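Structure file data05.csv (CSV, C-alpha atoms and all ligand atoms) follows.
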```csv
chain,number,residue,atom,x,y,z
V,20,MET,CA,-134.4,26.7,-3.9
V,21,GLU,CA,-133.0,27.7,-7.3
V,22,LYS,CA,-129.8,29.8,-7.6
V,23,PHE,CA,-128.9,30.5,-11.2
V,24,GLY,CA,-131.6,30.9,-13.8
V,25,LYS,CA,-132.8,27.8,-15.7
V,26,PRO,CA,-131.8,24.4,-14.3
V,27,HIS,CA,-129.4,22.7,-16.7
V,28,VAL,CA,-127.7,20.4,-14.3
V,29,THR,CA,-129.5,20.1,-11.0
V,30,LEU,CA,-127.5,18.9,-8.0
V,31,ARG,CA,-129.1,18.0,-4.7
V,32,SER,CA,-127.0,18.7,-1.7
V,33,SER,CA,-128.4,18.5,1.9
V,34,GLY,CA,-131.9,19.0,0.7
V,35,VAL,CA,-131.1,22.2,-1.3
V,36,PHE,CA,-131.4,22.4,-5.1
V,37,TYR,CA,-129.0,24.5,-7.1
V,38,THR,CA,-128.2,24.6,-10.8
V,39,LYS,CA,-125.1,25.2,-13.0
V,40,SER,CA,-125.2,25.9,-16.7
V,41,PRO,CA,-122.7,24.0,-19.0
V,42,ALA,CA,-121.0,27.3,-19.7
V,43,LYS,CA,-120.3,27.9,-16.0
V,44,ILE,CA,-118.9,24.3,-15.6
V,45,LEU,CA,-116.7,24.8,-18.6
V,46,ILE,CA,-115.3,28.2,-17.3
V,47,LYS,CA,-114.6,26.6,-14.0
V,48,ILE,CA,-112.6,23.7,-15.6
V,49,LEU,CA,-110.7,26.2,-17.8
V,50,ILE,CA,-109.8,28.4,-14.8
V,51,LYS,CA,-108.7,25.4,-12.8
V,52,GLY,CA,-106.4,24.2,-15.7
V,53,ARG,CA,-104.8,27.6,-16.1
V,54,ARG,CA,-104.3,27.9,-12.4
V,55,ARG,CA,-102.5,24.5,-12.3
V,56,ALA,CA,-100.2,25.5,-15.2
V,57,PHE,CA,-99.5,28.9,-13.6
V,58,MET,CA,-98.7,27.3,-10.2
V,59,SER,CA,-96.3,24.9,-11.8
V,60,HIS,CA,-92.7,25.9,-11.5
V,61,TYR,CA,-92.1,24.3,-15.0
V,62,PRO,CA,-95.3,24.9,-16.9
V,63,ASP,CA,-93.8,23.9,-20.2
V,64,ALA,CA,-92.5,20.5,-19.0
V,65,ARG,CA,-93.1,17.7,-21.4
V,66,PHE,CA,-91.7,14.3,-22.3
V,67,LEU,CA,-89.3,14.2,-25.3
V,68,THR,CA,-88.1,10.7,-25.9
V,69,SER,CA,-86.7,7.4,-24.4
V,70,ALA,CA,-83.3,6.2,-25.5
V,71,HIS,CA,-81.8,2.7,-25.2
V,72,GLN,CA,-78.7,3.6,-27.3
V,73,PRO,CA,-76.7,6.8,-27.8
V,74,GLY,CA,-78.1,7.3,-31.3
V,75,GLN,CA,-81.4,8.0,-29.7
V,76,PHE,CA,-80.2,10.6,-27.3
V,77,VAL,CA,-81.7,14.1,-27.7
V,78,GLU,CA,-79.4,16.5,-29.6
V,79,ASP,CA,-76.5,17.5,-27.4
V,80,THR,CA,-77.3,21.3,-27.2
V,81,GLY,CA,-78.6,23.5,-24.4
V,82,CYS,CA,-78.3,22.1,-20.9
V,83,GLU,CA,-79.7,19.3,-18.9
V,84,VAL,CA,-79.7,17.9,-15.4
V,85,ALA,CA,-79.6,14.1,-15.1
V,86,PHE,CA,-81.3,12.2,-12.2
V,87,ALA,CA,-79.6,9.0,-11.1
V,88,GLY,CA,-80.5,6.6,-8.3
V,89,ARG,CA,-81.1,3.0,-7.3
V,90,SER,CA,-84.2,1.4,-8.6
V,91,ASN,CA,-87.0,2.2,-6.2
V,92,ALA,CA,-85.1,5.0,-4.5
V,93,GLY,CA,-87.9,7.4,-5.4
V,94,LYS,CA,-86.4,9.1,-8.6
V,95,SER,CA,-89.6,9.2,-10.6
V,96,SER,CA,-91.6,10.5,-7.6
V,97,ALA,CA,-89.0,13.2,-7.0
V,98,ILE,CA,-89.2,14.3,-10.6
V,99,ASN,CA,-93.0,14.3,-10.5
V,100,ALA,CA,-92.9,16.4,-7.3
V,101,LEU,CA,-90.4,18.9,-8.8
V,102,VAL,CA,-92.5,19.5,-12.0
V,103,ASN,CA,-95.7,19.3,-10.0
V,104,GLN,CA,-97.3,16.7,-12.3
V,105,ARG,CA,-98.6,13.5,-10.9
V,106,ASN,CA,-97.6,10.9,-13.5
V,107,PHE,CA,-94.9,12.9,-15.5
V,108,ALA,CA,-92.1,10.4,-15.0
V,109,HIS,CA,-93.8,7.1,-14.1
V,110,THR,CA,-93.5,5.6,-10.7
V,111,SER,CA,-93.2,1.9,-10.2
V,112,LYS,CA,-93.4,-0.7,-7.4
V,113,SER,CA,-91.3,-3.2,-9.4
V,114,PRO,CA,-87.6,-2.2,-9.3
V,115,GLY,CA,-85.2,-2.4,-12.3
V,116,ARG,CA,-87.8,-2.5,-15.1
V,117,THR,CA,-86.9,0.6,-17.0
V,118,GLN,CA,-83.6,0.4,-18.7
V,119,LEU,CA,-84.0,3.5,-20.8
V,120,ILE,CA,-82.8,7.1,-20.6
V,121,ASN,CA,-85.8,9.3,-20.6
V,122,PHE,CA,-85.5,12.9,-21.8
V,123,PHE,CA,-87.9,15.6,-20.7
V,124,SER,CA,-88.0,19.3,-21.8
V,125,LEU,CA,-88.4,22.0,-19.2
V,126,GLY,CA,-88.7,24.6,-22.0
V,127,GLU,CA,-86.1,26.8,-23.7
V,128,GLY,CA,-83.3,24.3,-24.3
V,129,ARG,CA,-83.4,23.0,-20.7
V,130,ARG,CA,-83.9,19.4,-20.0
V,131,LEU,CA,-84.3,16.9,-17.3
V,132,VAL,CA,-82.9,13.4,-17.8
V,133,ASP,CA,-84.2,10.3,-16.0
V,134,LEU,CA,-81.4,7.8,-16.0
V,135,PRO,CA,-82.1,4.0,-15.6
V,136,GLY,CA,-82.1,2.8,-12.0
V,137,TYR,CA,-79.3,0.7,-10.7
V,138,GLY,CA,-78.7,-1.8,-7.9
V,139,PHE,CA,-81.2,-4.4,-9.1
V,140,ALA,CA,-80.2,-7.8,-7.9
V,141,ARG,CA,-82.8,-9.7,-9.8
V,142,VAL,CA,-82.1,-8.6,-13.4
V,143,SER,CA,-80.0,-10.6,-15.8
V,144,ARG,CA,-76.3,-10.0,-16.4
V,145,SER,CA,-76.9,-8.9,-19.9
V,146,MET,CA,-79.3,-6.2,-18.6
V,147,GLN,CA,-76.7,-5.1,-16.1
V,148,SER,CA,-74.0,-4.8,-18.8
V,149,HIS,CA,-76.4,-2.9,-21.0
V,150,TRP,CA,-77.0,-0.5,-18.2
V,151,ARG,CA,-73.2,0.0,-17.6
V,152,LYS,CA,-72.6,0.5,-21.3
V,153,LEU,CA,-75.5,3.0,-21.8
V,154,MET,CA,-74.5,5.0,-18.7
V,155,GLY,CA,-70.8,5.0,-19.8
V,156,GLU,CA,-71.8,6.3,-23.2
V,157,TYR,CA,-74.0,9.0,-21.7
V,158,PHE,CA,-71.5,10.3,-19.2
V,159,GLU,CA,-68.5,10.0,-21.6
V,160,ASP,CA,-69.3,12.8,-23.9
V,161,ARG,CA,-72.4,14.7,-22.9
V,162,GLN,CA,-71.6,18.4,-23.5
V,163,SER,CA,-75.0,19.6,-22.3
V,164,LEU,CA,-74.8,17.8,-19.0
V,165,ALA,CA,-74.9,20.7,-16.5
V,166,GLY,CA,-75.5,18.8,-13.3
V,167,LEU,CA,-76.4,15.5,-11.6
V,168,PHE,CA,-79.0,14.7,-9.0
V,169,VAL,CA,-78.4,11.5,-7.1
V,170,VAL,CA,-81.6,10.3,-5.5
V,171,VAL,CA,-81.0,8.2,-2.4
V,172,ASP,CA,-83.5,6.4,-0.1
V,173,ILE,CA,-82.6,7.9,3.2
V,174,ARG,CA,-83.1,4.6,5.0
V,175,ARG,CA,-80.4,3.0,2.9
V,176,SER,CA,-78.0,6.0,2.7
V,177,ILE,CA,-75.5,6.3,-0.1
V,178,GLY,CA,-74.4,3.0,-1.7
V,179,ASP,CA,-71.6,1.8,-4.0
V,180,PHE,CA,-73.5,2.7,-7.2
V,181,ASP,CA,-74.3,6.2,-5.9
V,182,TRP,CA,-70.7,6.7,-5.1
V,183,GLN,CA,-69.8,5.6,-8.6
V,184,MET,CA,-72.2,8.2,-10.0
V,185,LEU,CA,-70.8,10.9,-7.8
V,186,ASP,CA,-67.2,9.9,-8.8
V,187,TRP,CA,-68.2,10.1,-12.4
V,188,ALA,CA,-69.6,13.6,-11.9
V,189,GLU,CA,-66.5,14.7,-10.0
V,190,SER,CA,-64.2,13.3,-12.7
V,191,ILE,CA,-65.8,15.4,-15.4
V,192,GLY,CA,-66.3,18.5,-13.2
V,193,CYS,CA,-70.1,18.2,-13.2
V,194,PRO,CA,-71.9,19.7,-10.1
V,195,ALA,CA,-73.8,17.1,-8.1
V,196,HIS,CA,-76.6,17.2,-5.5
V,197,VAL,CA,-77.8,14.4,-3.4
V,198,LEU,CA,-81.6,14.1,-2.6
V,199,LEU,CA,-82.0,12.1,0.6
V,200,THR,CA,-85.6,11.2,-0.2
V,201,LYS,CA,-88.4,9.4,1.6
V,202,ALA,CA,-87.4,11.5,4.6
V,203,ASP,CA,-91.0,11.1,5.9
V,204,LYS,CA,-90.1,7.5,6.6
V,205,LEU,CA,-87.6,8.6,9.4
V,206,LYS,CA,-88.1,10.6,12.5
V,207,ARG,CA,-86.5,14.1,12.5
V,208,GLY,CA,-83.5,13.1,14.6
V,209,PRO,CA,-82.3,10.1,12.6
V,210,ALA,CA,-83.0,12.0,9.3
V,211,ALA,CA,-80.9,14.9,10.5
V,212,ASN,CA,-78.1,12.5,11.5
V,213,THR,CA,-78.0,10.8,8.1
V,214,PHE,CA,-78.0,14.3,6.5
V,215,GLN,CA,-75.0,15.4,8.6
V,216,GLN,CA,-73.1,12.2,7.9
V,217,VAL,CA,-73.6,12.3,4.2
V,218,ARG,CA,-72.6,16.0,4.1
V,219,LYS,CA,-69.3,15.2,5.8
V,220,GLU,CA,-68.6,12.3,3.4
V,221,LEU,CA,-69.3,14.3,0.2
V,222,PRO,CA,-66.5,15.8,-1.8
V,223,GLU,CA,-66.2,19.6,-1.5
V,224,GLY,CA,-68.7,21.5,-3.7
V,225,MET,CA,-71.3,18.7,-3.7
V,226,THR,CA,-74.5,19.3,-1.8
V,227,VAL,CA,-77.1,17.3,-0.1
V,228,GLN,CA,-80.6,17.9,1.2
V,229,LEU,CA,-83.5,16.1,2.9
V,230,PHE,CA,-86.5,15.5,0.6
V,231,SER,CA,-89.9,13.8,0.6
V,232,ALA,CA,-92.1,13.5,-2.5
V,233,THR,CA,-94.9,12.3,-0.4
V,234,LYS,CA,-94.9,15.2,2.1
V,235,LYS,CA,-93.6,17.7,-0.6
V,236,ASP,CA,-90.7,18.6,1.7
V,237,GLY,CA,-87.6,20.1,0.3
V,238,ILE,CA,-89.2,21.0,-3.1
V,239,ASP,CA,-88.1,24.6,-3.1
V,240,GLU,CA,-84.6,23.8,-2.2
V,241,ALA,CA,-84.3,21.1,-4.8
V,242,ARG,CA,-85.9,23.4,-7.5
V,243,GLY,CA,-83.4,26.1,-6.5
V,244,GLU,CA,-80.5,23.7,-7.0
V,245,LEU,CA,-81.9,22.4,-10.3
V,246,ASP,CA,-82.4,26.0,-11.6
V,247,ARG,CA,-78.9,26.9,-10.5
V,248,MET,CA,-77.5,24.0,-12.5
V,249,LEU,CA,-79.6,24.9,-15.5
V,250,GLY,CA,-78.5,28.6,-15.3
V,251,ARG,CA,-82.0,29.9,-14.7
D,301,LIG,N1,-93.0,7.4,1.8
D,301,LIG,C1,-92.5,7.8,0.7
D,301,LIG,N2,-92.5,6.9,-0.4
D,301,LIG,C2,-92.0,7.3,-1.6
D,301,LIG,C3,-91.4,8.6,-1.7
D,301,LIG,N3,-90.9,8.7,-3.0
D,301,LIG,C4,-91.2,7.5,-3.6
D,301,LIG,N4,-91.9,6.7,-2.8
D,301,LIG,C5,-92.4,5.3,-3.1
D,301,LIG,O1,-91.3,4.5,-3.4
D,301,LIG,C6,-91.6,3.6,-4.5
D,301,LIG,C7,-90.6,3.8,-5.7
D,301,LIG,O2,-90.8,5.1,-6.2
D,301,LIG,P1,-90.3,5.5,-7.7
D,301,LIG,O3,-90.4,7.0,-7.7
D,301,LIG,O4,-91.1,4.7,-8.7
D,301,LIG,O5,-88.8,5.1,-7.6
D,301,LIG,P2,-87.7,5.0,-8.8
D,301,LIG,O6,-87.6,3.6,-9.2
D,301,LIG,O7,-86.4,5.5,-8.2
D,301,LIG,O8,-88.2,5.9,-9.9
D,301,LIG,C8,-93.0,4.0,-4.9
D,301,LIG,O9,-93.9,3.0,-4.3
D,301,LIG,C9,-93.3,5.3,-4.3
D,301,LIG,O10,-94.6,5.6,-4.0
D,301,LIG,C10,-91.4,9.5,-0.6
D,301,LIG,O11,-90.8,10.6,-0.6
D,301,LIG,N5,-91.9,9.0,0.6
D,302,MG,MG,-88.5,5.4,-12.0
```
Kindly return the structure encoded in the file as structure tokens.
Amino acid sequence: MEKFGKPHVTLRSSGVFYTKSPAKILIKILIKGRRRAFMSHYPDARFLTSAHQPGQFVEDTGCEVAFAGRSNAGKSSAINALVNQRNFAHTSKSPGRTQLINFFSLGEGRRLVDLPGYGFARVSRSMQSHWRKLMGEYFEDRQSLAGLFVVVDIRRSIGDFDWQMLDWAESIGCPAHVLLTKADKLKRGPAANTFQQVRKELPEGMTVQLFSATKKDGIDEARGELDRMLGR
């Protein structure tokens, strides 16, 4: 059975023939692309640059929210989930490889900053001191820093380096939000317990939430926090 005019591409599905013209296929692809961009909360999100020294930081204007976390905590996955793009910030199974600060634009002078992961036991001392220096330089004098997200694997809870980041934020009066990610790895009860415990331990004004990049849980709450920090 023929459905649309002349057969350009003929597909056979369960014994029935139907055809699609190249124009129809193209229109479908275009509509799909537009729908994806429309559905994205940050349709203009794009990579700006990677920096391994302060001279390479993006110009310190507008405002940005930095994401920190142990290597392998799920930082890149969280960023991908928030901007709704699969490989926006790359994800990795080998911890401690990226020692760069990655800057992304969310449009109109707003940025998201992917800080290098910490807590890597297997990397060299020189890499660890490079990390410490780079992070120190970033936090010391970043006028556009409007907020900090600390991404924590819920199964490990908050560690020493996470506390160091939160202390840094507190000392410069920067709002901070903890994402307890990989919440899908725990049952509801234990996840809720960790959440309550962290909430009690955090200094006043700092917030925490459950999150799962895999299950897309907590996305709206996290976007809400991100937007609040960015003044949207
Ligand atoms: N189950 C589960 N796995 C996750 C989640 N987020 C990240 N992962 C996995 O954890 C590993 C490290 O994630 P990645 O985002 O690269 O961590 P990063 O080093 O902090 O950027 C990858 O194998 C991810 O697939 C999550 O919410 N749930
Ligand atoms: Mg990463």
**Request:** Excluding Phe168 of chain V and residues on its chain fewer than 5 positions from it, collect all residues at most 9 Å away from it, counting all atoms listed in the file, and give them as a ChimeraX atom specification.
**Result:** /V:84-88,194-198,245
Restricting it to C-alpha atoms, dump the selection as a short mmCIF file (atom, residue, chain, number, x, y, z; two decimals), in the frame of the given file.
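out10.cif, written as the output of this step:
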```
data_model
loop_
_atom_site.label_atom_id
_atom_site.label_comp_id
_atom_site.auth_asym_id
_atom_site.auth_seq_id
_atom_site.Cartn_x
_atom_site.Cartn_y
_atom_site.Cartn_z
CA VAL V 84 -79.70 17.90 -15.40
CA ALA V 85 -79.60 14.10 -15.10
CA PHE V 86 -81.30 12.20 -12.20
CA ALA V 87 -79.60 9.00 -11.10
CA GLY V 88 -80.50 6.60 -8.30
CA PRO V 194 -71.90 19.70 -10.10
CA ALA V 195 -73.80 17.10 -8.10
CA HIS V 196 -76.60 17.20 -5.50
CA VAL V 197 -77.80 14.40 -3.40
CA LEU V 198 -81.60 14.10 -2.60
CA LEU V 245 -81.90 22.40 -10.30
#
```
Which residues, written as a JSON list (two decimals) with C-alpha atoms, in the frame of the given file, have at least one atom at most 12 Å from Gln162 of chain V, with all atoms listed in the file counted and residues fewer than 6 positions away on the same chain left out?
```json
[["chain", "number", "residue", "atom", "x", "y", "z"],
["V", 77, "VAL", "CA", -81.70, 14.10, -27.70],
["V", 78, "GLU", "CA", -79.40, 16.50, -29.60],
["V", 79, "ASP", "CA", -76.50, 17.50, -27.40],
["V", 80, "THR", "CA", -77.30, 21.30, -27.20],
["V", 81, "GLY", "CA", -78.60, 23.50, -24.40],
["V", 82, "CYS", "CA", -78.30, 22.10, -20.90],
["V", 83, "GLU", "CA", -79.70, 19.30, -18.90],
["V", 84, "VAL", "CA", -79.70, 17.90, -15.40],
["V", 191, "ILE", "CA", -65.80, 15.40, -15.40],
["V", 192, "GLY", "CA", -66.30, 18.50, -13.20],
["V", 193, "CYS", "CA", -70.10, 18.20, -13.20]]
```
**Prompt:** Which neighbours of Val217 of chain V fall inside 8 Å, counting all atoms listed in the file, when residues of the same chain fewer than 2 positions from it are skipped, and could you give them as a count of residues only?
**Reply:** 9
**Request:** Compute the distance from (-95.0, 18.2, -10.9) to each atom, counting only C-alpha atoms, keep the residues with any atom at most 12 Å away, and return them as number ranges by chain; use the coordinates of the file.
**Result:** V: 55-65, 95-109, 125, 232, 235, 238, 242
**Prompt:** Do you know which residues are within 7 Å of ligand MG 302 (chain D) using all atoms listed in the file? Can you write them as an MDAnalysis selection string?
**Reply:** chainID V and resid 90:91 93:95 108:111 136
**Prompt:** Can you tell me how far atom CA of Pro209 of chain V sits from atom C7 of ligand LIG 301 (chain D), in Å to one decimal?
**Reply:**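 Pair atom CA of Pro209 of chain V / atom C7 of ligand LIG 301 (chain D) returns 21.1 Å.
The space separating atom CA of Gly166 of chain V from atom O6 of ligand LIG 301 (chain D) comes to 19.9 Å.
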**Message:** Neighbouring residues of Arg174 of chain V were defined as those with any atom within 12 Å, considering all atoms listed in the file; residues of the same chain fewer than 6 positions away were excluded. Please report them as a list in words.
**Reply:** Ala92, Gly93, Leu199, Thr200, Lys201, Ala202, Asp203, Lys204, Leu205, Lys206, Pro209, Ala210, Ala211, Asn212, Thr213, Phe214 and Leu229 of chain V
**Item:** Pick from V:Arg144, V:Lys234, V:Arg130, V:Arg247, whichever lies nearest to ligand LIG 301 (chain D) using only C-alpha atoms and all ligand atoms
**Value:**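 Result for the nearest residue to ligand LIG 301 (chain D): V:Lys234.
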**Item:** For atom CA of Glu244 of chain V and atom CA of Phe76 of chain V, the interatomic separation in Å (one decimal)
**Value:** 24.2 Å
